[in-house]
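K.L.:
Below you will find the structure I want to go over with you.
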Amino acid sequence: MRTASNLRADAFDVSLLNTIIPKLEIYKLGHASGQPVHRLEKTTTRTSTPAAADTMYDLACELFPDWTPDFDALRQEANQ
């Protein structure tokens, strides 16, 4: 039986991600058009936040660190 004491946050191994996904219109556009944002915004002139492609790369590397070399290779191919 679950009780309040065994549902406390310190009873679980909880961690947060470091990648920040800014609230930008490009994410709404991606959702509305059914397109991944890394295809819609590869570069940006904004100085306050990175391009959506860079944000998705950072997130993917954070979620799957063992795959970073593969993500690097794909990123290099896309930039050619």
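Numbering starts fresh at 1 for the residues of each chain in the structure tokens, the chains themselves are lettered A, B, ... in the order given, and ligands are numbered from 1 as they appear.
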Name the residues in contact with His38 in chain A at a cut-off of 8 Å, using only C-alpha atoms, excluding same-chain residues fewer than 4 positions from it; report them as a VMD selection string.

P.N.:
chain A and resid 42 52 to 54 56

K.L.:
For range 20-22 of chain A, work out the shell of residues within 10 Å, counting only C-alpha atoms and skipping chain neighbours fewer than 6 positions away, then give it as number ranges by chain.

P.N.:
A: 48-52, 55-56, 58-59

K.L.:
Let me see the file: selected residues, C-alpha atoms, as an mmCIF file, in the first residue's frame.

P.N.:
```cif
data_model
loop_
_atom_site.group_PDB
_atom_site.id
_atom_site.type_symbol
_atom_site.label_atom_id
_atom_site.label_comp_id
_atom_site.auth_asym_id
_atom_site.auth_seq_id
_atom_site.Cartn_x
_atom_site.Cartn_y
_atom_site.Cartn_z
ATOM 1 C CA SER A 48 19.771 35.474 -26.680
ATOM 2 C CA THR A 49 19.026 31.824 -27.510
ATOM 3 C CA PRO A 50 20.563 29.190 -29.776
ATOM 4 C CA ALA A 51 18.937 27.933 -32.959
ATOM 5 C CA ALA A 52 16.369 25.183 -32.509
ATOM 6 C CA THR A 55 18.931 23.109 -28.764
ATOM 7 C CA MET A 56 17.714 19.729 -30.044
ATOM 8 C CA ASP A 58 22.125 19.552 -26.885
ATOM 9 C CA LEU A 59 19.007 17.791 -25.615
#
```

K.L.:
One number please: CA of Asp13 in chain A to CA of Thr68 in chain A, in Å, one decimal.

P.N.:
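Computing the Euclidean distance for CA of Asp13 in chain A and CA of Thr68 in chain A yields 24.0 Å.
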
K.L.:
Give me, please, the distance in Å between CA of Leu63 in chain A and CA of Ser15 in chain A, quoted to one decimal.

P.N.:
11.7 Å
